[in-house]
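Text of target_14.cif, listed as mmCIF, C-alpha atoms (C1' of nucleotides):
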```
data_query
#
loop_
_atom_site.label_atom_id
_atom_site.label_comp_id
_atom_site.auth_asym_id
_atom_site.auth_seq_id
_atom_site.Cartn_x
_atom_site.Cartn_y
_atom_site.Cartn_z
CA MET A 1 0.00 0.00 0.00
CA ALA A 2 1.31 3.39 -0.99
CA ASP A 3 0.10 4.92 2.24
CA LEU A 4 2.03 2.66 4.53
CA LEU A 5 4.68 5.29 5.06
CA HIS A 6 2.15 7.97 5.87
CA ASN A 7 0.38 5.65 8.27
CA LYS A 8 3.56 4.90 10.12
CA VAL A 9 4.44 8.58 10.34
CA GLU A 10 0.96 9.53 11.44
CA GLN A 11 0.89 6.95 14.21
CA SER A 12 4.29 7.99 15.42
CA LEU A 13 3.35 11.65 15.51
CA ARG A 14 -0.01 11.05 17.20
CA ALA A 15 1.74 9.01 19.86
CA GLN A 16 3.73 12.15 20.57
CA GLY A 17 0.71 14.44 20.64
CA MET A 18 1.48 15.90 17.23
CA ARG A 19 -0.76 16.25 14.20
CA TYR A 20 0.12 14.97 10.77
CA THR A 21 -0.84 18.14 8.96
CA SER A 22 -0.80 18.86 5.27
CA ASN A 23 2.49 20.74 5.46
CA ARG A 24 4.13 17.80 7.15
CA ARG A 25 2.57 15.41 4.68
CA LYS A 26 3.97 17.42 1.76
CA LEU A 27 7.45 17.33 3.22
CA VAL A 28 7.35 13.60 3.90
CA SER A 29 5.99 12.99 0.40
CA ALA A 30 8.73 15.07 -1.16
CA LEU A 31 11.31 12.99 0.66
CA GLU A 32 9.55 9.77 -0.26
CA ASP A 33 9.71 10.71 -3.94
CA THR A 34 13.43 11.42 -3.93
CA SER A 35 16.37 9.08 -3.89
CA GLY A 36 18.45 11.11 -1.47
CA PRO A 37 18.41 13.69 1.31
CA LEU A 38 17.14 17.19 0.48
CA THR A 39 18.11 20.68 1.58
CA VAL A 40 15.55 23.18 2.84
CA ASP A 41 15.84 24.89 -0.50
CA GLN A 42 15.18 21.71 -2.40
CA LEU A 43 12.19 20.99 -0.19
CA TYR A 44 10.86 24.45 -0.95
CA ARG A 45 11.05 23.71 -4.65
CA ALA A 46 9.83 20.13 -4.30
CA THR A 47 6.68 21.36 -2.60
CA LYS A 48 6.19 23.84 -5.45
CA GLN A 49 6.69 26.84 -3.15
CA ARG A 50 3.48 26.03 -1.39
CA VAL A 51 5.13 25.74 1.99
CA PRO A 52 6.84 28.97 3.07
CA PHE A 53 10.42 28.81 4.28
CA SER A 54 9.51 29.66 7.84
CA SER A 55 7.20 26.66 7.95
CA ILE A 56 9.65 24.33 6.28
CA TYR A 57 12.30 25.23 8.81
CA ARG A 58 9.90 24.78 11.71
CA GLU A 59 8.35 21.56 10.48
CA VAL A 60 11.53 19.92 9.38
CA ARG A 61 12.92 20.61 12.80
CA ALA A 62 9.80 19.31 14.53
CA LEU A 63 9.88 16.14 12.45
CA PHE A 64 13.55 15.74 13.22
CA GLU A 65 12.89 16.02 16.95
CA ALA A 66 10.05 13.54 16.56
CA GLU A 67 12.58 11.18 14.94
CA VAL A 68 10.66 11.03 11.69
CA LEU A 69 13.48 12.73 9.81
CA SER A 70 17.20 12.63 10.23
CA LEU A 71 19.79 15.22 9.40
CA ILE A 72 22.71 14.78 7.03
CA HIS A 73 25.80 16.93 6.62
CA SER A 74 27.97 16.50 3.65
CA THR A 75 31.02 17.88 1.93
CA ASP A 76 29.32 21.02 0.74
CA ARG A 77 28.18 23.02 3.74
CA SER A 78 24.53 22.19 3.42
CA ASN A 79 22.14 20.51 5.82
CA ARG A 80 19.90 17.91 4.31
CA PHE A 81 16.99 15.96 5.67
CA GLU A 82 15.87 12.45 4.90
CA LEU A 83 13.38 9.94 6.27
CA ALA A 84 14.72 8.33 9.43
CA GLU A 85 16.28 4.90 9.23
CA TRP A 86 13.23 3.12 10.69
CA LEU A 87 11.20 4.51 7.78
CA ALA A 88 13.68 4.47 4.90
CA GLY A 89 15.81 1.47 5.87
CA HIS A 90 19.53 1.39 6.49
CA HIS A 91 21.50 2.82 3.60
CA HIS A 92 24.51 4.91 2.67
CA HIS A 93 25.22 7.96 0.54
CA MET A 94 27.01 8.71 -2.69
CA VAL A 95 28.08 12.30 -3.16
CA CYS A 96 29.00 13.78 -6.52
CA VAL A 97 31.99 16.02 -5.94
CA ARG A 98 31.09 18.10 -9.00
CA CYS A 99 27.38 18.81 -8.68
CA MET A 100 27.08 17.89 -4.98
CA ALA A 101 24.03 15.72 -5.61
CA ILE A 102 23.57 13.04 -3.02
CA SER A 103 21.83 9.77 -3.65
CA ASP A 104 21.09 6.80 -1.48
CA VAL A 105 22.83 3.51 -1.99
CA ALA A 106 22.30 0.27 -0.13
CA LEU A 107 24.86 -2.46 0.16
CA SER A 108 23.95 -6.07 -0.37
CA PRO A 109 23.05 -7.89 2.86
CA ARG A 110 26.38 -9.70 2.60
CA GLY A 111 28.23 -6.43 2.10
CA GLU A 112 26.41 -4.82 4.97
CA ASN A 113 27.42 -7.70 7.20
CA LYS A 114 31.04 -7.32 6.27
CA LEU A 115 30.84 -3.62 6.95
CA ALA A 116 29.31 -4.24 10.36
CA GLU A 117 32.18 -6.60 11.15
CA LEU A 118 34.74 -4.00 10.18
CA VAL A 119 33.00 -1.44 12.32
CA ASP A 120 32.89 -3.79 15.30
CA ARG A 121 36.53 -4.61 14.97
CA ALA A 122 37.48 -0.94 14.88
CA ALA A 123 35.31 -0.35 17.91
CA THR A 124 36.95 -2.87 20.20
CA ASP A 125 40.16 -0.88 20.11
CA THR A 126 38.53 2.39 21.01
CA GLY A 127 36.16 1.34 23.78
CA TYR A 128 33.19 2.95 22.06
CA MET A 129 29.79 1.30 22.35
CA ILE A 130 28.67 1.36 18.72
CA THR A 131 25.15 2.45 17.83
CA ASP A 132 25.29 3.10 14.09
CA HIS A 133 27.49 3.69 11.08
CA THR A 134 27.28 5.46 7.74
CA LEU A 135 29.44 5.17 4.71
CA GLU A 136 29.87 8.21 2.52
CA ILE A 137 31.17 7.50 -0.95
CA GLU A 138 32.52 10.38 -3.00
CA GLY A 139 32.80 10.33 -6.75
CA VAL A 140 31.64 11.81 -10.00
CA CYS A 141 28.08 10.99 -10.96
CA PRO A 142 27.21 9.72 -14.46
CA ASP A 143 25.79 13.11 -15.50
CA CYS A 144 28.97 14.95 -14.57
CA GLN A 145 31.33 12.54 -16.33
CA SER A 146 30.68 13.87 -19.83
CA MET B 1 61.49 14.51 12.19
CA ALA B 2 58.82 16.48 13.99
CA ASP B 3 58.95 19.18 11.35
CA LEU B 4 58.19 16.94 8.42
CA LEU B 5 54.55 17.99 8.44
CA HIS B 6 55.41 21.68 8.55
CA ASN B 7 57.88 21.23 5.71
CA LYS B 8 55.30 19.57 3.54
CA VAL B 9 52.74 22.25 4.27
CA GLU B 10 55.22 25.03 3.67
CA GLN B 11 56.30 23.65 0.31
CA SER B 12 52.72 23.18 -0.76
CA LEU B 13 51.77 26.71 0.20
CA ARG B 14 54.84 28.29 -1.38
CA ALA B 15 54.07 26.47 -4.60
CA GLN B 16 50.76 28.28 -4.55
CA GLY B 17 52.27 31.70 -3.83
CA MET B 18 51.20 31.62 -0.20
CA ARG B 19 53.23 32.18 2.95
CA TYR B 20 53.39 29.78 5.84
CA THR B 21 52.83 32.42 8.47
CA SER B 22 52.76 32.03 12.22
CA ASN B 23 48.96 32.04 12.37
CA ARG B 24 48.81 29.26 9.87
CA ARG B 25 51.52 27.36 11.69
CA LYS B 26 49.58 27.60 14.94
CA LEU B 27 46.48 26.21 13.30
CA VAL B 28 48.32 23.34 11.66
CA SER B 29 50.09 22.56 14.94
CA ALA B 30 46.82 22.54 16.83
CA LEU B 31 45.42 20.03 14.38
CA GLU B 32 48.58 17.97 14.49
CA ASP B 33 48.30 17.70 18.28
CA THR B 34 44.72 16.46 18.24
CA SER B 35 43.28 13.09 17.38
CA GLY B 36 40.28 14.43 15.51
CA PRO B 37 38.85 17.33 13.55
CA LEU B 38 38.34 20.65 15.37
CA THR B 39 35.71 23.36 15.21
CA VAL B 40 36.62 27.02 14.82
CA ASP B 41 35.84 27.42 18.48
CA GLN B 42 38.11 24.59 19.47
CA LEU B 43 40.87 26.04 17.32
CA TYR B 44 40.42 29.37 19.06
CA ARG B 45 40.94 27.69 22.43
CA ALA B 46 43.70 25.39 21.17
CA THR B 47 45.71 28.40 20.05
CA LYS B 48 45.18 29.96 23.48
CA GLN B 49 43.07 32.80 22.07
CA ARG B 50 46.11 34.18 20.35
CA VAL B 51 44.54 34.02 16.91
CA PRO B 52 41.41 36.16 16.65
CA PHE B 53 38.26 34.60 15.25
CA SER B 54 38.34 36.70 12.12
CA SER B 55 41.78 35.35 11.32
CA ILE B 56 40.92 31.77 12.16
CA TYR B 57 37.95 31.89 9.82
CA ARG B 58 40.01 33.45 7.04
CA GLU B 59 43.04 31.19 7.43
CA VAL B 60 41.16 27.98 7.88
CA ARG B 61 39.31 28.77 4.69
CA ALA B 62 42.50 29.68 2.86
CA LEU B 63 44.15 26.46 3.98
CA PHE B 64 41.09 24.54 2.94
CA GLU B 65 41.21 26.07 -0.52
CA ALA B 66 44.92 25.30 -0.68
CA GLU B 67 44.01 21.67 0.10
CA VAL B 68 46.02 21.63 3.30
CA LEU B 69 42.88 21.17 5.40
CA SER B 70 39.67 19.38 4.76
CA LEU B 71 36.23 20.08 6.11
CA ILE B 72 34.08 17.68 8.08
CA HIS B 73 30.40 17.93 8.89
CA SER B 74 28.93 15.78 11.53
CA THR B 75 25.72 14.91 13.29
CA ASP B 76 25.77 17.98 15.47
CA ARG B 77 25.58 20.94 13.16
CA SER B 78 29.21 21.89 13.46
CA ASN B 79 31.91 22.36 10.85
CA ARG B 80 35.25 20.89 11.71
CA PHE B 81 38.64 21.06 10.07
CA GLU B 82 41.36 18.47 9.91
CA LEU B 83 44.62 17.96 8.06
CA ALA B 84 43.97 16.80 4.51
CA GLU B 85 44.31 13.15 3.68
CA TRP B 86 47.69 13.53 1.97
CA LEU B 87 49.02 14.91 5.27
CA ALA B 88 47.15 12.89 7.88
CA GLY B 89 46.66 9.62 6.02
CA HIS B 90 43.43 7.90 5.16
CA HIS B 91 41.22 7.38 8.19
CA HIS B 92 37.65 7.40 9.46
CA HIS B 93 35.73 9.02 12.29
CA MET B 94 34.05 7.93 15.46
CA VAL B 95 31.43 10.27 16.84
CA CYS B 96 30.17 10.11 20.38
CA VAL B 97 26.43 10.67 20.24
CA ARG B 98 26.45 11.99 23.82
CA CYS B 99 29.30 14.49 23.95
CA MET B 100 29.73 14.88 20.18
CA ALA B 101 33.48 14.39 20.39
CA ILE B 102 34.99 13.11 17.19
CA SER B 103 38.14 11.05 17.01
CA ASP B 104 40.05 9.53 14.18
CA VAL B 105 40.16 5.81 13.66
CA ALA B 106 42.06 3.85 11.04
CA LEU B 107 41.11 0.41 9.86
CA SER B 108 43.69 -2.31 9.47
CA PRO B 109 45.13 -2.52 5.94
CA ARG B 110 43.11 -5.69 5.46
CA GLY B 111 39.95 -4.03 6.70
CA GLU B 112 40.55 -1.02 4.51
CA ASN B 113 40.91 -3.31 1.50
CA LYS B 114 37.62 -4.99 2.23
CA LEU B 115 35.96 -1.63 2.60
CA ALA B 116 37.37 -0.49 -0.73
CA GLU B 117 35.95 -3.62 -2.33
CA LEU B 118 32.52 -2.96 -0.89
CA VAL B 119 32.66 0.59 -2.13
CA ASP B 120 33.69 -0.50 -5.62
CA ARG B 121 30.92 -3.02 -5.78
CA ALA B 122 28.34 -0.45 -4.76
CA ALA B 123 29.75 1.90 -7.37
CA THR B 124 29.37 -0.38 -10.36
CA ASP B 125 25.60 -0.27 -10.00
CA THR B 126 25.39 3.50 -9.84
CA GLY B 127 27.76 4.52 -12.61
CA TYR B 128 29.69 6.81 -10.30
CA MET B 129 33.43 7.17 -10.77
CA ILE B 130 34.64 6.77 -7.19
CA THR B 131 37.26 9.11 -5.77
CA ASP B 132 37.08 8.58 -2.02
CA HIS B 133 35.08 7.19 0.86
CA THR B 134 34.65 7.86 4.55
CA LEU B 135 33.11 5.78 7.25
CA GLU B 136 31.41 7.53 10.13
CA ILE B 137 30.88 5.36 13.18
CA GLU B 138 28.47 6.54 15.85
CA GLY B 139 28.52 5.34 19.40
CA VAL B 140 29.07 6.25 23.02
CA CYS B 141 32.64 7.02 23.96
CA PRO B 142 34.25 5.44 27.03
CA ASP B 143 33.95 8.67 29.04
CA CYS B 144 30.21 8.90 28.43
CA GLN B 145 29.44 5.28 29.31
CA SER B 146 29.59 5.71 33.07
"C1'" DT C 1 -23.62 21.83 17.48
"C1'" DG C 2 -20.94 25.05 19.52
"C1'" DG C 3 -17.19 26.20 22.79
"C1'" DT C 4 -12.69 25.71 24.35
"C1'" DC C 5 -8.03 24.74 24.32
"C1'" DA C 6 -3.85 22.81 22.44
"C1'" DT C 7 -1.38 22.70 18.33
"C1'" DG C 8 -0.07 24.51 13.73
"C1'" DT C 9 0.73 28.41 10.42
"C1'" DG C 10 2.98 32.29 8.08
"C1'" DA C 11 4.89 36.89 8.25
"C1'" DT C 12 8.36 39.19 10.36
"C1'" DA C 13 12.06 40.16 13.56
"C1'" DA C 14 16.11 38.48 15.96
"C1'" DT C 15 20.10 35.61 16.31
"C1'" DG C 16 24.43 33.60 15.40
"C1'" DA C 17 27.88 31.79 12.51
"C1'" DT C 18 30.49 32.94 8.66
"C1'" DT C 19 32.33 36.07 5.19
"C1'" DA C 20 33.70 40.64 3.28
"C1'" DT C 21 35.94 45.01 3.83
"C1'" DC C 22 39.66 47.99 4.71
"C1'" DA C 23 43.40 50.25 6.80
"C1'" DT C 24 47.62 48.68 8.51
"C1'" DG C 25 51.49 45.38 9.08
"C1'" DT C 26 54.86 42.01 7.34
"C1'" DC C 27 57.72 39.61 4.26
"C1'" DA C 28 60.34 38.72 -0.03
"C1'" DT C 29 62.74 40.55 -3.89
"C1'" DT C 30 65.44 44.10 -6.16
"C1'" DA D 1 66.16 50.74 1.87
"C1'" DA D 2 62.12 50.67 -1.51
"C1'" DT D 3 58.48 48.43 -3.71
"C1'" DG D 4 54.74 45.39 -4.22
"C1'" DA D 5 52.31 41.26 -2.86
"C1'" DC D 6 50.41 38.92 0.68
"C1'" DA D 7 48.68 38.66 5.64
"C1'" DT D 8 46.41 40.60 9.76
"C1'" DG D 9 42.76 42.11 12.96
"C1'" DA D 10 38.90 45.08 13.89
"C1'" DT D 11 34.62 45.92 12.25
"C1'" DA D 12 30.63 45.73 9.30
"C1'" DA D 13 27.72 43.00 6.26
"C1'" DT D 14 25.55 38.71 4.93
"C1'" DC D 15 23.13 34.53 5.12
"C1'" DA D 16 20.96 30.54 7.07
"C1'" DT D 17 18.41 29.38 10.83
"C1'" DT D 18 15.52 30.19 14.86
"C1'" DA D 19 12.24 32.83 17.73
"C1'" DT D 20 8.13 35.55 18.16
"C1'" DC D 21 3.37 36.52 17.78
"C1'" DA D 22 -1.17 37.14 16.05
"C1'" DC D 23 -4.21 34.29 13.78
"C1'" DA D 24 -6.02 29.67 11.97
"C1'" DT D 25 -7.17 24.87 12.46
"C1'" DG D 26 -8.42 20.67 14.39
"C1'" DA D 27 -9.69 17.63 18.42
"C1'" DC D 28 -12.43 16.96 22.34
"C1'" DC D 29 -16.22 17.67 25.41
"C1'" DA D 30 -20.52 19.73 27.29
#
```

Let me see whether you can do it: turn the structure in this file into C-alpha cells.
Amino acid sequence: MADLLHNKVEQSLRAQGMRYTSNRRKLVSALEDTSGPLTVDQLYRATKQRVPFSSIYREVRALFEAEVLSLIHSTDRSNRFELAEWLAGHHHHMVCVRCMAISDVALSPRGENKLAELVDRAATDTGYMITDHTLEIEGVCPDCQS
Amino acid sequence: MADLLHNKVEQSLRAQGMRYTSNRRKLVSALEDTSGPLTVDQLYRATKQRVPFSSIYREVRALFEAEVLSLIHSTDRSNRFELAEWLAGHHHHMVCVRCMAISDVALSPRGENKLAELVDRAATDTGYMITDHTLEIEGVCPDCQS
DNA sequence: TGGTCATGTGATAATGATTATCATGTCATT
DNA sequence: AATGACATGATAATCATTATCACATGACCA
C-alpha cells in the first residue's frame, strides 16, 4: 500500500501528541519521492513553493525532533533531511563532488554484514559502544562525467 | 622529524604563492596535536586565544582552498577542520552521540581493503566514478558510558 | 452543534555563525 | 632601503536558521 509510510508517520506523531498536517505530509511525500536527502531549499522547490520557508524550517525541525526525519551533513556546507532509518531502511550515501548531488545507496546484505564486522573490529580498540554507522562514498556521478 | 609535516605544508603553500605564516603554523600545529577534527571554536581555544576569530575563519578557509585542510560535517551541526588526507593519512571518524566528540580511527590494511571492495561493488551499479570514501561510526565514547 | 483549548501556520524580527571590507602590518625581492 | 604582494585584525555586512506573535485549524467535550 502506498500509504504505509504515511500511516507509520501519522501513528508515530499522534503518539507524541502531534498532528500529521498537510504541510508535514507534503514534506514527507517530497522525501519519499526522492532518492536522497534534500536541503531546505530543495524541499521548498519540491513542494512547489506552497510551503513557506519559515514553515519548512519549523516543520523539518519538529519532524527531526520527533525522529521522523534525520539530518545529514555532507562535503558542501549544506544541511539535508531524509526519512529516518526506521522509515527508509539502512543505507549509505554517494556524493557527486562536481554537482554535490547526493543519492542513497544500499549495500547487499552480505556487504552490509562485512561492513558491520569491520565497524565492530574498529570499535573494540577504542572502547566505544557502537550504535550506528554510515558510509559516505565520493565520486563523479554519471551526469557529470561527460 | 617532527617538522616533516610543517615542511610539507610550507612547500605546498609556497608552490601556490602563499606564505606559511605564524597564524597558519599555529592552526596546523593545533590540528597535528589532536586526534580528531576541530571546530573554529576549538581552534580558538587550542591556540590559546592568540589568533582572533576573524583570522581563524580566514586562514582555515585559505588552507582549505589550498588543500592543506579538509572540512568535516557531523551529526551535530558543526563544521570541523582536519589535516587533509595527503598529510594525515586515510582514516575514518568515530562520533560520540552523547558528547559529540569526534576522534580519528584507522582500519587495518586488510579491513581497509575490504571496505574499498565494498565501495567499488556499490559503485558499479550506480555509474559513479569513485574518488574517495569515509566511514562515520556513531557510538558512546568510554567517558560517556559511566 | 458550539465552545474551548492545544497545536499549527505564516509573516516578520532576531540571532548567530560565517564572510567581506579595509586600513595597517609584514615579508620577499630588487 | 624601496616596492609590491600577501597577511592581519577590527569591524561591518551577509546569510541561514531560529524565535516571536497574532491568527487559523483541528480535536475533544458539554

List the neighbours of stretch 11-28 of chain D out to 10 Å using only C-alpha atoms (C1' of nucleotides); skip same-chain residues closer than 6 positions along the sequence, and give me the result as a ChimeraX atom specification. /A:19,21,54,57-58,78 /B:54 /C:4-22

Let's have the selection written as a PDB file, in the frame of the given file, with C-alpha atoms (C1' of nucleotides).
```pdb
ATOM      1  CA  ARG A  19      -0.760  16.250  14.200  1.00  0.00           C
ATOM      2  CA  THR A  21      -0.840  18.140   8.960  1.00  0.00           C
ATOM      3  CA  SER A  54       9.510  29.660   7.840  1.00  0.00           C
ATOM      4  CA  TYR A  57      12.300  25.230   8.810  1.00  0.00           C
ATOM      5  CA  ARG A  58       9.900  24.780  11.710  1.00  0.00           C
ATOM      6  CA  SER A  78      24.530  22.190   3.420  1.00  0.00           C
TER       7      SER A  78
ATOM      8  CA  SER B  54      38.340  36.700  12.120  1.00  0.00           C
TER       9      SER B  54
ATOM     10  C1'  DT C   4     -12.690  25.710  24.350  1.00  0.00           C
ATOM     11  C1'  DC C   5      -8.030  24.740  24.320  1.00  0.00           C
ATOM     12  C1'  DA C   6      -3.850  22.810  22.440  1.00  0.00           C
ATOM     13  C1'  DT C   7      -1.380  22.700  18.330  1.00  0.00           C
ATOM     14  C1'  DG C   8      -0.070  24.510  13.730  1.00  0.00           C
ATOM     15  C1'  DT C   9       0.730  28.410  10.420  1.00  0.00           C
ATOM     16  C1'  DG C  10       2.980  32.290   8.080  1.00  0.00           C
ATOM     17  C1'  DA C  11       4.890  36.890   8.250  1.00  0.00           C
ATOM     18  C1'  DT C  12       8.360  39.190  10.360  1.00  0.00           C
ATOM     19  C1'  DA C  13      12.060  40.160  13.560  1.00  0.00           C
ATOM     20  C1'  DA C  14      16.110  38.480  15.960  1.00  0.00           C
ATOM     21  C1'  DT C  15      20.100  35.610  16.310  1.00  0.00           C
ATOM     22  C1'  DG C  16      24.430  33.600  15.400  1.00  0.00           C
ATOM     23  C1'  DA C  17      27.880  31.790  12.510  1.00  0.00           C
ATOM     24  C1'  DT C  18      30.490  32.940   8.660  1.00  0.00           C
ATOM     25  C1'  DT C  19      32.330  36.070   5.190  1.00  0.00           C
ATOM     26  C1'  DA C  20      33.700  40.640   3.280  1.00  0.00           C
ATOM     27  C1'  DT C  21      35.940  45.010   3.830  1.00  0.00           C
ATOM     28  C1'  DC C  22      39.660  47.990   4.710  1.00  0.00           C
TER      29       DC C  22
END
```

When you look at A:Arg121 with a cut-off of 12 Å (counting all atoms listed in the file), what residues show up, excluding the ones that are within fewer than 2 positions of it in the same chain? I need them as a compact mmCIF listing (two decimals) with C-alpha atoms, in the coordinates of the input.
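Generated output (out_22.txt):
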```
# COMPACT_ATOMS: atom_id res chain seq x y z
CA LYS A 114 31.04 -7.32 6.27
CA LEU A 115 30.84 -3.62 6.95
CA ALA A 116 29.31 -4.24 10.36
CA GLU A 117 32.18 -6.60 11.15
CA LEU A 118 34.74 -4.00 10.18
CA VAL A 119 33.00 -1.44 12.32
CA ALA A 123 35.31 -0.35 17.91
CA THR A 124 36.95 -2.87 20.20
CA ASP A 125 40.16 -0.88 20.11
CA THR A 126 38.53 2.39 21.01
CA GLY A 127 36.16 1.34 23.78
CA TYR A 128 33.19 2.95 22.06
CA MET A 129 29.79 1.30 22.35
CA ILE A 130 28.67 1.36 18.72
CA VAL B 105 40.16 5.81 13.66
CA ALA B 106 42.06 3.85 11.04
CA LEU B 107 41.11 0.41 9.86
CA SER B 108 43.69 -2.31 9.47
CA ARG B 110 43.11 -5.69 5.46
CA GLY B 111 39.95 -4.03 6.70
CA GLU B 112 40.55 -1.02 4.51
CA ILE B 137 30.88 5.36 13.18
```

Output the coordinates of chain A after least-squares fitting to chain B on all in-order C-alpha pairs, as a compact mmCIF listing (two decimals) with C-alpha atoms, keeping the file's coordinate frame.
```txt
# COMPACT_ATOMS: atom_id res chain seq x y z
CA MET A 1 61.61 14.55 12.22
CA ALA A 2 58.91 16.47 14.00
CA ASP A 3 58.96 19.19 11.39
CA LEU A 4 58.20 16.98 8.46
CA LEU A 5 54.57 18.02 8.49
CA HIS A 6 55.41 21.70 8.60
CA ASN A 7 57.89 21.27 5.78
CA LYS A 8 55.34 19.59 3.60
CA VAL A 9 52.77 22.28 4.33
CA GLU A 10 55.25 25.06 3.75
CA GLN A 11 56.34 23.69 0.39
CA SER A 12 52.78 23.22 -0.70
CA LEU A 13 51.82 26.74 0.26
CA ARG A 14 54.90 28.33 -1.31
CA ALA A 15 54.16 26.49 -4.53
CA GLN A 16 50.84 28.32 -4.49
CA GLY A 17 52.36 31.72 -3.74
CA MET A 18 51.25 31.65 -0.12
CA ARG A 19 53.27 32.22 3.03
CA TYR A 20 53.40 29.81 5.92
CA THR A 21 52.84 32.44 8.58
CA SER A 22 52.75 32.03 12.31
CA ASN A 23 48.95 32.04 12.43
CA ARG A 24 48.82 29.25 9.91
CA ARG A 25 51.53 27.36 11.73
CA LYS A 26 49.57 27.57 14.99
CA LEU A 27 46.47 26.19 13.35
CA VAL A 28 48.31 23.32 11.69
CA SER A 29 50.07 22.54 14.97
CA ALA A 30 46.79 22.52 16.86
CA LEU A 31 45.41 20.02 14.38
CA GLU A 32 48.58 17.95 14.51
CA ASP A 33 48.27 17.68 18.29
CA THR A 34 44.69 16.46 18.23
CA SER A 35 43.26 13.09 17.37
CA GLY A 36 40.27 14.41 15.47
CA PRO A 37 38.84 17.32 13.50
CA LEU A 38 38.31 20.62 15.32
CA THR A 39 35.69 23.35 15.15
CA VAL A 40 36.60 27.01 14.78
CA ASP A 41 35.79 27.40 18.43
CA GLN A 42 38.05 24.57 19.44
CA LEU A 43 40.83 26.02 17.31
CA TYR A 44 40.37 29.34 19.06
CA ARG A 45 40.86 27.64 22.40
CA ALA A 46 43.63 25.36 21.18
CA THR A 47 45.64 28.37 20.08
CA LYS A 48 45.09 29.91 23.52
CA GLN A 49 43.02 32.77 22.09
CA ARG A 50 46.07 34.13 20.38
CA VAL A 51 44.50 33.99 16.95
CA PRO A 52 41.36 36.13 16.68
CA PHE A 53 38.23 34.57 15.25
CA SER A 54 38.33 36.67 12.12
CA SER A 55 41.78 35.33 11.34
CA ILE A 56 40.91 31.76 12.16
CA TYR A 57 37.97 31.89 9.81
CA ARG A 58 40.05 33.46 7.05
CA GLU A 59 43.06 31.21 7.46
CA VAL A 60 41.17 28.00 7.87
CA ARG A 61 39.35 28.81 4.68
CA ALA A 62 42.56 29.71 2.87
CA LEU A 63 44.20 26.48 4.00
CA PHE A 64 41.13 24.56 2.92
CA GLU A 65 41.28 26.11 -0.54
CA ALA A 66 44.98 25.33 -0.66
CA GLU A 67 44.05 21.70 0.10
CA VAL A 68 46.05 21.65 3.30
CA LEU A 69 42.92 21.19 5.39
CA SER A 70 39.70 19.40 4.72
CA LEU A 71 36.25 20.07 6.05
CA ILE A 72 34.11 17.65 8.03
CA HIS A 73 30.41 17.82 8.81
CA SER A 74 28.96 15.62 11.41
CA THR A 75 25.77 14.82 13.24
CA ASP A 76 25.83 17.94 15.34
CA ARG A 77 25.61 20.96 13.07
CA SER A 78 29.22 21.96 13.39
CA ASN A 79 31.92 22.37 10.78
CA ARG A 80 35.25 20.90 11.67
CA PHE A 81 38.63 21.06 10.02
CA GLU A 82 41.37 18.48 9.88
CA LEU A 83 44.64 17.97 8.04
CA ALA A 84 44.01 16.82 4.48
CA GLU A 85 44.33 13.16 3.65
CA TRP A 86 47.73 13.55 1.96
CA LEU A 87 49.06 14.92 5.26
CA ALA A 88 47.14 12.91 7.85
CA GLY A 89 46.67 9.64 5.97
CA HIS A 90 43.42 7.92 5.12
CA HIS A 91 41.24 7.38 8.16
CA HIS A 92 37.67 7.40 9.43
CA HIS A 93 35.75 9.03 12.25
CA MET A 94 34.08 7.92 15.45
CA VAL A 95 31.44 10.26 16.80
CA CYS A 96 30.19 10.14 20.37
CA VAL A 97 26.45 10.70 20.23
CA ARG A 98 26.47 12.05 23.79
CA CYS A 99 29.33 14.54 23.91
CA MET A 100 29.75 14.91 20.13
CA ALA A 101 33.51 14.42 20.34
CA ILE A 102 35.00 13.11 17.15
CA SER A 103 38.15 11.07 16.98
CA ASP A 104 40.07 9.54 14.14
CA VAL A 105 40.19 5.82 13.63
CA ALA A 106 42.07 3.88 11.00
CA LEU A 107 41.14 0.44 9.82
CA SER A 108 43.73 -2.26 9.41
CA PRO A 109 45.14 -2.48 5.87
CA ARG A 110 43.14 -5.67 5.42
CA GLY A 111 39.98 -3.99 6.67
CA GLU A 112 40.56 -1.00 4.46
CA ASN A 113 40.90 -3.29 1.48
CA LYS A 114 37.63 -4.99 2.24
CA LEU A 115 35.96 -1.63 2.60
CA ALA A 116 37.32 -0.49 -0.74
CA GLU A 117 35.91 -3.64 -2.32
CA LEU A 118 32.49 -2.99 -0.85
CA VAL A 119 32.60 0.56 -2.10
CA ASP A 120 33.60 -0.55 -5.59
CA ARG A 121 30.85 -3.09 -5.73
CA ALA A 122 28.25 -0.52 -4.71
CA ALA A 123 29.61 1.83 -7.32
CA THR A 124 29.23 -0.45 -10.31
CA ASP A 125 25.47 -0.39 -9.89
CA THR A 126 25.23 3.37 -9.76
CA GLY A 127 27.59 4.39 -12.56
CA TYR A 128 29.53 6.72 -10.28
CA MET A 129 33.27 7.08 -10.79
CA ILE A 130 34.50 6.71 -7.21
CA THR A 131 37.11 9.09 -5.84
CA ASP A 132 36.97 8.56 -2.08
CA HIS A 133 35.00 7.18 0.83
CA THR A 134 34.59 7.86 4.53
CA LEU A 135 33.09 5.76 7.23
CA GLU A 136 31.42 7.50 10.13
CA ILE A 137 30.90 5.35 13.18
CA GLU A 138 28.49 6.54 15.85
CA GLY A 139 28.57 5.36 19.42
CA VAL A 140 29.12 6.29 23.01
CA CYS A 141 32.70 7.09 23.94
CA PRO A 142 34.35 5.52 27.01
CA ASP A 143 34.02 8.76 29.02
CA CYS A 144 30.29 8.98 28.42
CA GLN A 145 29.54 5.36 29.31
CA SER A 146 29.74 5.85 33.07
```

Selection in question (the file shown): the PyMOL selection byres ((chain B) within 6 of (chain A)). Which residues does it include, as a ChimeraX atom specification? /B:73-74,127-142

May I have the residues of chain A within 12 Å of chain C, counting all atoms listed in the file, written as an MDAnalysis selection string? chainID A and resid 14 16:24 50:59 62 77

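The spacing separating atom CA of B:Asp3 from atom CA of B:Thr47 amounts to 18.3 Å.
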